[in-house]
Amino acid sequence: MPPKSKVSKRKSEPETKEKTDDKKSKIEESTERISKWLFKSEPETRMEKGVDMRFSFDDLKAEKNETSHWDGVRNYSARNFMREMKVGDEGFFYHSNTKIPGIIGLVTVVREAYPDHTQFDPKDPHYDPKSDKAAPRWDMVDVKYVRKLKRYIPLSELKELHQKHKGSGGPLRNLAMFTKARLSVQPITEEEWQFILSLENETD
DNA sequence: GCCAACGTTGGC
DNA sequence: GCCAACGTTGGC
């Protein structure tokens with residue numbers, strides 16, 4: 001069960017605005033709950049405090065039940081996205097920090113947010129000495145391998161489409177990858193999900 | 001290895 | 001509560 005996210009420890013606790021956000025969204029919009037996500041992970045060995053951060057899509061497949069904890073997330077925004085996830089939600093598995101970053105496959109959420117045990121482990125690179133066992137600060141979900149995409153969809157292609165769609169109002173005009181860069185867990189709208197999935201059938 | 005973007009920290 | 005300094009992410 002290697003650590004997966006490269007998101008670093010963050011020490012403050014801006015957790016108070018969640019409530020107002022919830023209230024607001026209930027009143028303002030009747031938009032559907034986000035049920036599609038993007039999970040970033042590093043497919044190549046990188047040492048952090050003596051621990052290998054690598055966790056590729058194949059590594060996920062090799063886990064028992066092809067399922068793993070998504071531990072190590074230390075960013076409040078990414079954590080809050082995980083807290084929104086429900087069993088059955090789907091996600092893209094994205095390979096970051098590699099020669100050709102991009103989306104390699106699909107996963108599904110099989111367990112909803114629960115405390116990330118690595119925050120209490122002093123030997124873990126993502127240990128958080130300020131987290132209180134009675135009120136754990138960091139959560140994780142469990143995700144399961146679904147399948148590889150028919151072709152790898154590189155970041156460069158998504159970026160080109162994003163640029164194009166910004167002008168034309170196309171489906172990837174607001175893709176979180178480019179508007180909320182650097183979050184290790186990101187929301188994907190239904191429209192984005194369908195469009196990106198359709199790309200795997202293109203031959204080019 | 002560089003460095004832009006962005007989140008966090010802490011002095012005031 | 002502002003914001004400069006600092007740390008991290010991650011593409012290139």
# chains A, B, ... in the order shown; residues from 1 in each chain; ligands from 1
>>> closest_atom_pairs(of="chain B", to="chain A", cutoff="10 Å", atoms="only C-alpha atoms (C1' of nucleotides)", output="tab-separated table")
residue	atom	partner	partner_atom	distance
B:DA5	C1'	A:Ala181	CA	8.0
B:DC6	C1'	A:Arg182	CA	8.2
B:DG7	C1'	A:Arg10	CA	8.3
B:DT8	C1'	A:Arg10	CA	6.8
B:DT9	C1'	A:Ser12	CA	8.2
>>> residues_around(residues="A:Ile34", least_positions_apart="3", cutoff="12 Å", atoms="only C-alpha atoms (C1' of nucleotides)", output="ChimeraX atom specification")
/A:30-31,37-38,81-86,88-91,186-193
>>> write_last_selection(atoms="N, CA, C and O atoms", output="mmCIF file, in the first residue's frame")
data_model
loop_
_atom_site.group_PDB
_atom_site.id
_atom_site.type_symbol
_atom_site.label_atom_id
_atom_site.label_comp_id
_atom_site.auth_asym_id
_atom_site.auth_seq_id
_atom_site.Cartn_x
_atom_site.Cartn_y
_atom_site.Cartn_z
ATOM 1 N N SER A 30 -29.707 23.880 -8.753
ATOM 2 C CA SER A 30 -30.146 22.499 -8.586
ATOM 3 C C SER A 30 -29.268 21.598 -9.444
ATOM 4 O O SER A 30 -29.684 20.588 -9.956
ATOM 5 N N THR A 31 -28.026 22.039 -9.604
ATOM 6 C CA THR A 31 -27.111 21.250 -10.426
ATOM 7 C C THR A 31 -26.847 19.902 -9.773
ATOM 8 O O THR A 31 -26.869 19.771 -8.568
ATOM 9 N N TRP A 37 -14.384 12.148 -11.443
ATOM 10 C CA TRP A 37 -13.203 12.738 -10.821
ATOM 11 C C TRP A 37 -11.959 12.418 -11.616
ATOM 12 O O TRP A 37 -11.981 11.519 -12.456
ATOM 13 N N LEU A 38 -10.884 13.128 -11.292
ATOM 14 C CA LEU A 38 -9.588 12.794 -11.864
ATOM 15 C C LEU A 38 -8.603 12.608 -10.710
ATOM 16 O O LEU A 38 -8.535 13.451 -9.810
ATOM 17 N N PHE A 81 -12.956 17.356 -1.996
ATOM 18 C CA PHE A 81 -13.500 16.617 -3.147
ATOM 19 C C PHE A 81 -13.667 15.144 -2.793
ATOM 20 O O PHE A 81 -14.686 14.532 -3.121
ATOM 21 N N MET A 82 -12.697 14.584 -2.099
ATOM 22 C CA MET A 82 -12.822 13.169 -1.727
ATOM 23 C C MET A 82 -14.015 12.948 -0.805
ATOM 24 O O MET A 82 -14.683 11.925 -0.878
ATOM 25 N N ARG A 83 -14.279 13.925 0.047
ATOM 26 C CA ARG A 83 -15.425 13.790 0.956
ATOM 27 C C ARG A 83 -16.759 13.834 0.220
ATOM 28 O O ARG A 83 -17.772 13.398 0.747
ATOM 29 N N GLU A 84 -16.747 14.382 -0.977
ATOM 30 C CA GLU A 84 -17.984 14.418 -1.774
ATOM 31 C C GLU A 84 -18.228 13.115 -2.524
ATOM 32 O O GLU A 84 -19.303 12.893 -3.060
ATOM 33 N N MET A 85 -17.210 12.288 -2.605
ATOM 34 C CA MET A 85 -17.327 11.087 -3.450
ATOM 35 C C MET A 85 -18.269 10.053 -2.849
ATOM 36 O O MET A 85 -18.336 9.893 -1.637
ATOM 37 N N LYS A 86 -18.976 9.383 -3.733
ATOM 38 C CA LYS A 86 -19.880 8.300 -3.338
ATOM 39 C C LYS A 86 -19.446 7.000 -4.000
ATOM 40 O O LYS A 86 -18.868 7.026 -5.087
ATOM 41 N N GLY A 88 -19.415 4.111 -6.331
ATOM 42 C CA GLY A 88 -19.941 4.046 -7.701
ATOM 43 C C GLY A 88 -19.490 5.217 -8.558
ATOM 44 O O GLY A 88 -19.598 5.155 -9.784
ATOM 45 N N ASP A 89 -18.992 6.278 -7.929
ATOM 46 C CA ASP A 89 -18.435 7.376 -8.722
ATOM 47 C C ASP A 89 -17.280 6.846 -9.573
ATOM 48 O O ASP A 89 -16.589 5.916 -9.187
ATOM 49 N N GLU A 90 -17.091 7.487 -10.714
ATOM 50 C CA GLU A 90 -16.030 7.050 -11.619
ATOM 51 C C GLU A 90 -14.922 8.084 -11.699
ATOM 52 O O GLU A 90 -15.146 9.270 -11.427
ATOM 53 N N GLY A 91 -13.739 7.643 -12.082
ATOM 54 C CA GLY A 91 -12.621 8.566 -12.176
ATOM 55 C C GLY A 91 -11.651 8.217 -13.280
ATOM 56 O O GLY A 91 -11.531 7.061 -13.684
ATOM 57 N N GLN A 186 -9.381 16.078 -8.662
ATOM 58 C CA GLN A 186 -10.124 17.143 -9.324
ATOM 59 C C GLN A 186 -11.482 16.669 -9.788
ATOM 60 O O GLN A 186 -11.645 15.510 -10.156
ATOM 61 N N PRO A 187 -12.457 17.578 -9.803
ATOM 62 C CA PRO A 187 -13.779 17.225 -10.314
ATOM 63 C C PRO A 187 -13.821 17.273 -11.837
ATOM 64 O O PRO A 187 -13.116 18.073 -12.455
ATOM 65 N N ILE A 188 -14.612 16.404 -12.425
ATOM 66 C CA ILE A 188 -14.817 16.360 -13.878
ATOM 67 C C ILE A 188 -16.326 16.438 -14.110
ATOM 68 O O ILE A 188 -17.074 15.660 -13.519
ATOM 69 N N THR A 189 -16.756 17.363 -14.936
ATOM 70 C CA THR A 189 -18.196 17.445 -15.197
ATOM 71 C C THR A 189 -18.615 16.290 -16.109
ATOM 72 O O THR A 189 -17.784 15.665 -16.778
ATOM 73 N N GLU A 190 -19.923 16.072 -16.134
ATOM 74 C CA GLU A 190 -20.471 15.007 -16.980
ATOM 75 C C GLU A 190 -20.104 15.240 -18.454
ATOM 76 O O GLU A 190 -19.731 14.320 -19.176
ATOM 77 N N GLU A 191 -20.220 16.496 -18.848
ATOM 78 C CA GLU A 191 -19.903 16.868 -20.232
ATOM 79 C C GLU A 191 -18.437 16.589 -20.567
ATOM 80 O O GLU A 191 -18.111 16.053 -21.628
ATOM 81 N N GLU A 192 -17.544 16.940 -19.625
ATOM 82 C CA GLU A 192 -16.112 16.696 -19.827
ATOM 83 C C GLU A 192 -15.829 15.199 -19.887
ATOM 84 O O GLU A 192 -15.050 14.724 -20.722
ATOM 85 N N TRP A 193 -16.477 14.478 -18.988
ATOM 86 C CA TRP A 193 -16.279 13.023 -18.916
ATOM 87 C C TRP A 193 -16.623 12.369 -20.254
ATOM 88 O O TRP A 193 -15.841 11.601 -20.810
#
>>> residues_around(residues="A:Pro154", least_positions_apart="5", cutoff="8 Å", atoms="only C-alpha atoms (C1' of nucleotides)", output="JSON, numbers by chain")
{"A": [100, 101, 102, 103]}
>>> residues_around(residues="A:Asp139", least_positions_apart="3", cutoff="6 Å", atoms="only C-alpha atoms (C1' of nucleotides)", output="mmCIF file with N, CA and C atoms, in the first residue's frame")
data_model
loop_
_atom_site.group_PDB
_atom_site.id
_atom_site.type_symbol
_atom_site.label_atom_id
_atom_site.label_comp_id
_atom_site.auth_asym_id
_atom_site.auth_seq_id
_atom_site.Cartn_x
_atom_site.Cartn_y
_atom_site.Cartn_z
ATOM 1 N N ALA A 113 -15.121 8.416 1.933
ATOM 2 C CA ALA A 113 -14.059 9.014 2.753
ATOM 3 C C ALA A 113 -14.026 8.486 4.181
ATOM 4 N N TYR A 114 -12.815 8.158 4.621
ATOM 5 C CA TYR A 114 -12.556 7.741 6.004
ATOM 6 C C TYR A 114 -11.132 8.168 6.331
ATOM 7 N N PRO A 115 -10.785 8.209 7.626
ATOM 8 C CA PRO A 115 -9.499 8.807 7.990
ATOM 9 C C PRO A 115 -8.305 8.116 7.337
ATOM 10 N N ASP A 116 -7.389 8.920 6.864
ATOM 11 C CA ASP A 116 -6.141 8.458 6.260
ATOM 12 C C ASP A 116 -5.163 8.130 7.386
#
>>> residues_around(residues="C:DG11", least_positions_apart="2", cutoff="10 Å", atoms="only C-alpha atoms (C1' of nucleotides)", output="number ranges by chain")
A: 96-101, 155-156; B: 4; C: 9
>>> select_by_dssp(residues="stretch 1-200 of chain A", states="helix (DSSP H, G or I)", output="JSON, numbers by chain")
{"A": [17, 18, 19, 20, 21, 22, 23, 24, 25, 26, 27, 28, 57, 58, 59, 60, 61, 62, 64, 65, 66, 76, 77, 78, 79, 80, 81, 82, 83, 84, 117, 118, 119, 120, 155, 156, 157, 158, 159, 160, 161, 162, 163, 164, 165, 166, 167, 168, 176, 177, 178, 179, 190, 191, 192, 193, 194, 195, 196, 197, 198, 199]}
>>> write_last_selection(atoms="C-alpha atoms", output="short mmCIF file (atom, residue, chain, number, x, y, z; two decimals), in the first residue's frame")
data_model
loop_
_atom_site.label_atom_id
_atom_site.label_comp_id
_atom_site.auth_asym_id
_atom_site.auth_seq_id
_atom_site.Cartn_x
_atom_site.Cartn_y
_atom_site.Cartn_z
CA LYS A 17 -16.09 27.73 4.80
CA GLU A 18 -17.40 24.31 3.87
CA LYS A 19 -20.71 24.94 5.60
CA THR A 20 -21.46 28.15 3.79
CA ASP A 21 -20.56 26.53 0.49
CA ASP A 22 -23.01 23.73 1.14
CA LYS A 23 -25.75 26.14 2.04
CA LYS A 24 -25.15 28.27 -0.97
CA SER A 25 -25.16 25.49 -3.50
CA LYS A 26 -28.43 24.18 -2.14
CA ILE A 27 -30.15 27.51 -2.56
CA GLU A 28 -28.60 28.71 -5.79
CA PHE A 57 -2.11 2.33 -12.96
CA ASP A 58 -0.51 -1.10 -13.20
CA ASP A 59 0.40 -0.88 -9.52
CA LEU A 60 -3.27 -0.33 -8.75
CA LYS A 61 -4.19 -3.35 -10.82
CA ALA A 62 -1.64 -5.42 -8.90
CA LYS A 64 -5.45 -7.04 -3.76
CA ASN A 65 -8.92 -6.78 -5.33
CA GLU A 66 -7.35 -4.24 -7.72
CA TYR A 76 -7.88 20.79 1.85
CA SER A 77 -9.51 21.33 -1.48
CA ALA A 78 -8.52 17.88 -2.74
CA ARG A 79 -9.64 16.37 0.56
CA ASN A 80 -13.00 18.07 0.31
CA PHE A 81 -13.50 16.62 -3.15
CA MET A 82 -12.82 13.17 -1.73
CA ARG A 83 -15.43 13.79 0.96
CA GLU A 84 -17.98 14.42 -1.77
CA HIS A 117 -4.02 6.43 8.69
CA THR A 118 -0.76 7.73 7.23
CA GLN A 119 -1.31 11.12 8.87
CA PHE A 120 -0.58 9.48 12.26
CA LEU A 155 -1.99 16.09 -21.42
CA SER A 156 -0.80 17.94 -24.53
CA GLU A 157 -3.91 16.85 -26.43
CA LEU A 158 -6.21 17.89 -23.59
CA LYS A 159 -4.42 21.21 -23.42
CA GLU A 160 -4.88 21.87 -27.12
CA LEU A 161 -8.56 21.05 -26.87
CA HIS A 162 -8.91 23.20 -23.78
CA GLN A 163 -7.39 26.14 -25.63
CA LYS A 164 -9.66 25.57 -28.60
CA HIS A 165 -12.74 25.16 -26.42
CA LYS A 166 -12.04 28.34 -24.49
CA GLY A 167 -12.72 30.21 -27.69
CA SER A 168 -15.55 28.07 -28.99
CA ALA A 176 -10.09 21.74 -13.80
CA MET A 177 -6.69 20.44 -14.93
CA PHE A 178 -6.02 23.86 -16.36
CA THR A 179 -8.20 26.09 -14.22
CA GLU A 190 -20.47 15.01 -16.98
CA GLU A 191 -19.90 16.87 -20.23
CA GLU A 192 -16.11 16.70 -19.83
CA TRP A 193 -16.28 13.02 -18.92
CA GLN A 194 -18.25 12.07 -21.99
CA PHE A 195 -16.10 14.16 -24.29
CA ILE A 196 -12.79 12.84 -22.97
CA LEU A 197 -14.08 9.27 -23.15
CA SER A 198 -15.04 9.82 -26.78
CA LEU A 199 -11.40 10.71 -27.51
#
>>> atom_distance(atom1="atom CA of A:Tyr94", atom2="atom CA of A:Leu183")
11.8 Å
>>> residues_around(residues="B:DC12", least_positions_apart="5", cutoff="12 Å", atoms="only C-alpha atoms (C1' of nucleotides)", output="list in words")
DG1, DC2, DC3 and DA4 of chain C
>>> select_by_dssp(residues="stretch 100-160 of chain A", states="strand (DSSP E or B)", output="PyMOL selection string")
chain A and resi 102-115+132+135+139-154
